[in-house]
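Notes follow the structure.
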Amino acid sequence: MNQEVLRIGKYEFTSRLIVGTGKYPSLEVMRQAHEASETQMVTVAIRRIHLDDPSGKTLLDYLDRSKYAILPNTAGCFTAKDAVLTAHLAREALQTDLIKLEVIGDTDTLYPDTRETIAAAEILVKDGFTVLPYIVDDPVACKRLEEIGCAAVMPLAAPIGSGLGVCNPYSIRIIKECAKIPVIVDAGVGTASDAAIAMELGVDALLMNTGIAAANDPVLMAHAMRNAVMAGRQAFLAGRMEKRLYANASSPMQDLIGTSRRK
Amino acid sequence: MKATINGEARELETGLTFAELLDQLGVSQSGIAVARNDQVLRRGALGEERIREGDRIEIIRAVAGG
């Protein structure tokens, strides 16, 4: 099979799985999980350094930047203003224009604040960022973000860290059918079947963190997710058979041996 | 001279540059970024820009996240 290319702004990827760096039992396990996932882009968060302990081995020591593009996020921001400042700090610290825009509206659901997300996206696109916004599974919100000039839209499958899988496949399908930019399902994927189901809807890629990091064996789950994303993508491209209510025999029903039949 | 660094009030020498502040804090310049009063400073400017009385300074780095 030809290697398909995923284009996000000016960036190109052959992997369709973006992986987080949070919640792993150790940074070494994270490094191995990244390898097993065959991801080409990993997310990081941006936080204040601790003034009392500024040194020590950092996350970046465990990320091989020749293998992985770094996708900094604005997680933890509740306003467009904070998200824009965080994005600018991330660009300076990591020397990348990629930004996962995340403006949270509520601490229990971690649902994005659509108004603030759109406001921040407008500013960041003008400031030259490659903006990948985390957003509700709302086709209209996704359309607005595309019109603004975002490089992709990242609707949630389910709340962050919930592992519930794709809760609203119909919305995700509509978003994908309407979008001219890549659609990346972000958040809520709990296991390999969730990943395959999301990819079978036709979306371009998945972003996940907890689904891998919180597995009993994150490295093995990373490998499973890699396989599921590939399988789901291939099944989507292959085009599934139509569902039917009754059976349809795979073997011929003519020239049968014997004479007794059930009606 | 008073300034706030990552939300903490600090007493600093007058005329200190941002690069000197990072040295004093033991922070390497790689992988970090600095903002003064919500304006991000270019890495090349850290050695020239001086901290002013009342500045709100943010020093950040990448941490694990999703």
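Within each chain, counting starts at residue 1; across the structure tokens, chains are named A, B, ... in the order shown, with ligands numbered 1 upward in that order.
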
I need the helix (DSSP H, G or I) residues of region 14-62 of chain B per DSSP on the backbone, written as a list in words.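 So, restricting region 14-62 of chain B to helix (DSSP H, G or I), we get Phe18, Ala19, Glu20, Leu21, Leu22, Asp23, Gln24, Leu25, Arg43, Gly44 and Ala45 of chain B.
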
Write to file, as a PDB file, in the first residue's frame, the residues of the selection just made, with all heavy atoms.
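Generated output (part-v5.pdb):
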```pdb
ATOM      1  N   PHE B  18      17.599  40.072  32.103  1.00  0.00           N
ATOM      2  CA  PHE B  18      16.863  38.803  32.227  1.00  0.00           C
ATOM      3  C   PHE B  18      17.817  37.616  32.201  1.00  0.00           C
ATOM      4  O   PHE B  18      17.626  36.632  32.916  1.00  0.00           O
ATOM      5  CB  PHE B  18      15.795  38.704  31.137  1.00  0.00           C
ATOM      6  CG  PHE B  18      14.598  39.544  31.426  1.00  0.00           C
ATOM      7  CD1 PHE B  18      14.537  40.859  30.989  1.00  0.00           C
ATOM      8  CD2 PHE B  18      13.539  39.049  32.174  1.00  0.00           C
ATOM      9  CE1 PHE B  18      13.447  41.657  31.281  1.00  0.00           C
ATOM     10  CE2 PHE B  18      12.443  39.840  32.472  1.00  0.00           C
ATOM     11  CZ  PHE B  18      12.395  41.156  32.022  1.00  0.00           C
ATOM     12  N   ALA B  19      18.886  37.708  31.377  1.00  0.00           N
ATOM     13  CA  ALA B  19      19.864  36.616  31.329  1.00  0.00           C
ATOM     14  C   ALA B  19      20.543  36.464  32.687  1.00  0.00           C
ATOM     15  O   ALA B  19      20.748  35.336  33.172  1.00  0.00           O
ATOM     16  CB  ALA B  19      20.890  36.887  30.242  1.00  0.00           C
ATOM     17  N   GLU B  20      20.852  37.591  33.327  1.00  0.00           N
ATOM     18  CA  GLU B  20      21.483  37.528  34.660  1.00  0.00           C
ATOM     19  C   GLU B  20      20.524  36.937  35.692  1.00  0.00           C
ATOM     20  O   GLU B  20      20.926  36.156  36.557  1.00  0.00           O
ATOM     21  CB  GLU B  20      21.935  38.929  35.093  1.00  0.00           C
ATOM     22  CG  GLU B  20      23.162  39.419  34.333  1.00  0.00           C
ATOM     23  CD  GLU B  20      23.416  40.931  34.456  1.00  0.00           C
ATOM     24  OE1 GLU B  20      22.501  41.660  34.929  1.00  0.00           O
ATOM     25  OE2 GLU B  20      24.496  41.362  34.047  1.00  0.00           O
ATOM     26  N   LEU B  21      19.260  37.294  35.590  1.00  0.00           N
ATOM     27  CA  LEU B  21      18.259  36.728  36.510  1.00  0.00           C
ATOM     28  C   LEU B  21      18.202  35.204  36.360  1.00  0.00           C
ATOM     29  O   LEU B  21      18.194  34.468  37.354  1.00  0.00           O
ATOM     30  CB  LEU B  21      16.878  37.325  36.233  1.00  0.00           C
ATOM     31  CG  LEU B  21      15.722  36.652  36.979  1.00  0.00           C
ATOM     32  CD1 LEU B  21      15.813  36.902  38.485  1.00  0.00           C
ATOM     33  CD2 LEU B  21      14.363  37.117  36.459  1.00  0.00           C
ATOM     34  N   LEU B  22      18.177  34.731  35.105  1.00  0.00           N
ATOM     35  CA  LEU B  22      18.114  33.275  34.870  1.00  0.00           C
ATOM     36  C   LEU B  22      19.343  32.596  35.459  1.00  0.00           C
ATOM     37  O   LEU B  22      19.239  31.534  36.087  1.00  0.00           O
ATOM     38  CB  LEU B  22      18.000  32.985  33.370  1.00  0.00           C
ATOM     39  CG  LEU B  22      16.682  33.415  32.713  1.00  0.00           C
ATOM     40  CD1 LEU B  22      16.747  33.213  31.207  1.00  0.00           C
ATOM     41  CD2 LEU B  22      15.489  32.652  33.283  1.00  0.00           C
ATOM     42  N   ASP B  23      20.518  33.221  35.276  1.00  0.00           N
ATOM     43  CA  ASP B  23      21.754  32.672  35.867  1.00  0.00           C
ATOM     44  C   ASP B  23      21.617  32.556  37.384  1.00  0.00           C
ATOM     45  O   ASP B  23      21.936  31.526  37.963  1.00  0.00           O
ATOM     46  CB  ASP B  23      22.941  33.594  35.547  1.00  0.00           C
ATOM     47  CG  ASP B  23      23.571  33.241  34.214  1.00  0.00           C
ATOM     48  OD1 ASP B  23      23.177  32.187  33.658  1.00  0.00           O
ATOM     49  OD2 ASP B  23      24.428  34.006  33.736  1.00  0.00           O
ATOM     50  N   GLN B  24      21.129  33.630  37.996  1.00  0.00           N
ATOM     51  CA  GLN B  24      20.995  33.634  39.465  1.00  0.00           C
ATOM     52  C   GLN B  24      20.028  32.556  39.939  1.00  0.00           C
ATOM     53  O   GLN B  24      20.212  31.967  40.996  1.00  0.00           O
ATOM     54  CB  GLN B  24      20.501  34.995  39.946  1.00  0.00           C
ATOM     55  CG  GLN B  24      21.568  36.072  39.873  1.00  0.00           C
ATOM     56  CD  GLN B  24      21.093  37.395  40.474  1.00  0.00           C
ATOM     57  OE1 GLN B  24      20.019  37.475  41.088  1.00  0.00           O
ATOM     58  NE2 GLN B  24      21.905  38.436  40.305  1.00  0.00           N
ATOM     59  N   LEU B  25      18.996  32.304  39.125  1.00  0.00           N
ATOM     60  CA  LEU B  25      18.007  31.282  39.508  1.00  0.00           C
ATOM     61  C   LEU B  25      18.484  29.870  39.178  1.00  0.00           C
ATOM     62  O   LEU B  25      17.866  28.888  39.573  1.00  0.00           O
ATOM     63  CB  LEU B  25      16.676  31.541  38.769  1.00  0.00           C
ATOM     64  CG  LEU B  25      15.905  32.798  39.160  1.00  0.00           C
ATOM     65  CD1 LEU B  25      14.767  33.044  38.177  1.00  0.00           C
ATOM     66  CD2 LEU B  25      15.366  32.684  40.585  1.00  0.00           C
ATOM     67  N   ARG B  43      14.603  35.246  22.744  1.00  0.00           N
ATOM     68  CA  ARG B  43      15.755  34.716  23.473  1.00  0.00           C
ATOM     69  C   ARG B  43      16.971  35.635  23.312  1.00  0.00           C
ATOM     70  O   ARG B  43      17.710  35.873  24.267  1.00  0.00           O
ATOM     71  CB  ARG B  43      16.088  33.308  22.959  1.00  0.00           C
ATOM     72  CG  ARG B  43      17.109  32.599  23.791  1.00  0.00           C
ATOM     73  CD  ARG B  43      17.075  31.116  23.552  1.00  0.00           C
ATOM     74  NE  ARG B  43      15.736  30.577  23.829  1.00  0.00           N
ATOM     75  CZ  ARG B  43      15.354  29.343  23.535  1.00  0.00           C
ATOM     76  NH1 ARG B  43      16.184  28.532  22.925  1.00  0.00           N
ATOM     77  NH2 ARG B  43      14.141  28.928  23.829  1.00  0.00           N
ATOM     78  N   GLY B  44      17.159  36.155  22.096  1.00  0.00           N
ATOM     79  CA  GLY B  44      18.315  37.022  21.827  1.00  0.00           C
ATOM     80  C   GLY B  44      18.297  38.316  22.644  1.00  0.00           C
ATOM     81  O   GLY B  44      19.332  38.959  22.801  1.00  0.00           O
ATOM     82  N   ALA B  45      17.127  38.677  23.151  1.00  0.00           N
ATOM     83  CA  ALA B  45      17.012  39.949  23.875  1.00  0.00           C
ATOM     84  C   ALA B  45      17.238  39.787  25.380  1.00  0.00           C
ATOM     85  O   ALA B  45      17.340  40.782  26.107  1.00  0.00           O
ATOM     86  CB  ALA B  45      15.635  40.562  23.620  1.00  0.00           C
TER      87      ALA B  45
END
```

Give one line per residue of chain A that approaches chain B to at most 10 Å, naming the two atoms of the closest pair and their distance in Å to one decimal, counting only C-alpha atoms; sort by chain then ascending residue number and deliver it as CSV.
```
residue,atom,partner,partner_atom,distance
A:Ile18,CA,B:Gly66,CA,9.6
A:Val19,CA,B:Gly66,CA,7.4
A:Gly20,CA,B:Gly66,CA,4.2
A:Thr21,CA,B:Ala64,CA,4.8
A:Gly22,CA,B:Gly65,CA,3.9
A:Lys23,CA,B:Gly65,CA,7.4
A:Tyr24,CA,B:Ala64,CA,8.8
A:Leu27,CA,B:Ala64,CA,8.8
A:Met30,CA,B:Ala64,CA,9.7
A:Val42,CA,B:Gly66,CA,8.3
A:Thr43,CA,B:Gly66,CA,5.5
A:Val44,CA,B:Gly65,CA,4.8
A:Ala45,CA,B:Gly65,CA,4.7
A:Ile46,CA,B:Ala62,CA,4.7
A:Arg47,CA,B:Ile60,CA,5.3
A:Arg48,CA,B:Ile60,CA,4.2
A:Ile49,CA,B:Ile60,CA,5.2
A:His50,CA,B:Asn6,CA,8.3
A:Leu51,CA,B:Leu25,CA,6.8
A:Asp52,CA,B:Leu25,CA,8.3
A:Asp53,CA,B:Gly26,CA,8.7
A:Pro54,CA,B:Val27,CA,5.8
A:Ser55,CA,B:Val27,CA,6.3
A:Gly56,CA,B:Val27,CA,9.9
A:Thr58,CA,B:Val63,CA,7.5
A:Leu59,CA,B:Val63,CA,5.9
A:Leu60,CA,B:Ala62,CA,7.3
A:Ile70,CA,B:Ala62,CA,10.0
A:Leu71,CA,B:Gly66,CA,9.4
A:Pro72,CA,B:Ala62,CA,7.7
A:Asn73,CA,B:Gly66,CA,7.5
A:Thr74,CA,B:Gly65,CA,9.9
A:Ala75,CA,B:Gly66,CA,8.0
A:Lys81,CA,B:Asp38,CA,9.4
A:Asp82,CA,B:Asp38,CA,9.0
A:Val84,CA,B:Asp38,CA,9.7
A:Leu85,CA,B:Asp38,CA,6.5
A:Thr86,CA,B:Ile60,CA,9.0
A:Ala87,CA,B:Val40,CA,10.0
A:His88,CA,B:Val40,CA,6.6
A:Leu89,CA,B:Ala33,CA,5.6
A:Ala90,CA,B:Ala33,CA,7.2
A:Arg91,CA,B:Ala33,CA,8.5
A:Glu92,CA,B:Ala33,CA,5.7
A:Ala93,CA,B:Ile32,CA,4.5
A:Leu94,CA,B:Gly31,CA,5.9
A:Gln95,CA,B:Gly31,CA,8.7
A:Lys100,CA,B:Gly66,CA,9.5
A:Ile160,CA,B:Gly66,CA,9.1
A:Gly161,CA,B:Gly66,CA,9.5
A:Asp186,CA,B:Gly66,CA,9.6
A:Ala187,CA,B:Gly66,CA,8.9
A:Leu207,CA,B:Gly66,CA,8.5
A:Met208,CA,B:Gly66,CA,7.2
A:Asn209,CA,B:Gly66,CA,5.4
A:Thr210,CA,B:Gly66,CA,7.9
A:Ala213,CA,B:Gly66,CA,10.0
```

List every residue of chain B that DSSP, applied to the backbone, labels as strand (DSSP E), and write the result as a ChimeraX atom specification. /B:2-5,8-11,32-36,39-41,56-64

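Minimum distance to Pro112 (chain A) across A:Glu177, A:Glu200, A:Asp255, A:Asp138 (counting only C-alpha atoms) occurs at A:Asp138.
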
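The two atoms in question, CA of Val103 (chain A) and CA of Glu116 (chain A), are spaced 6.5 Å apart.
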
Separation of CA of Ala121 (chain A) from CA of Cys150 (chain A), in Å and rounded to one decimal: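 Separation between CA of Ala121 (chain A) and CA of Cys150 (chain A): 7.1 Å.
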
By how many Å are CA of Glu38 (chain A) and CA of Leu63 (chain A) apart? 13.1 Å
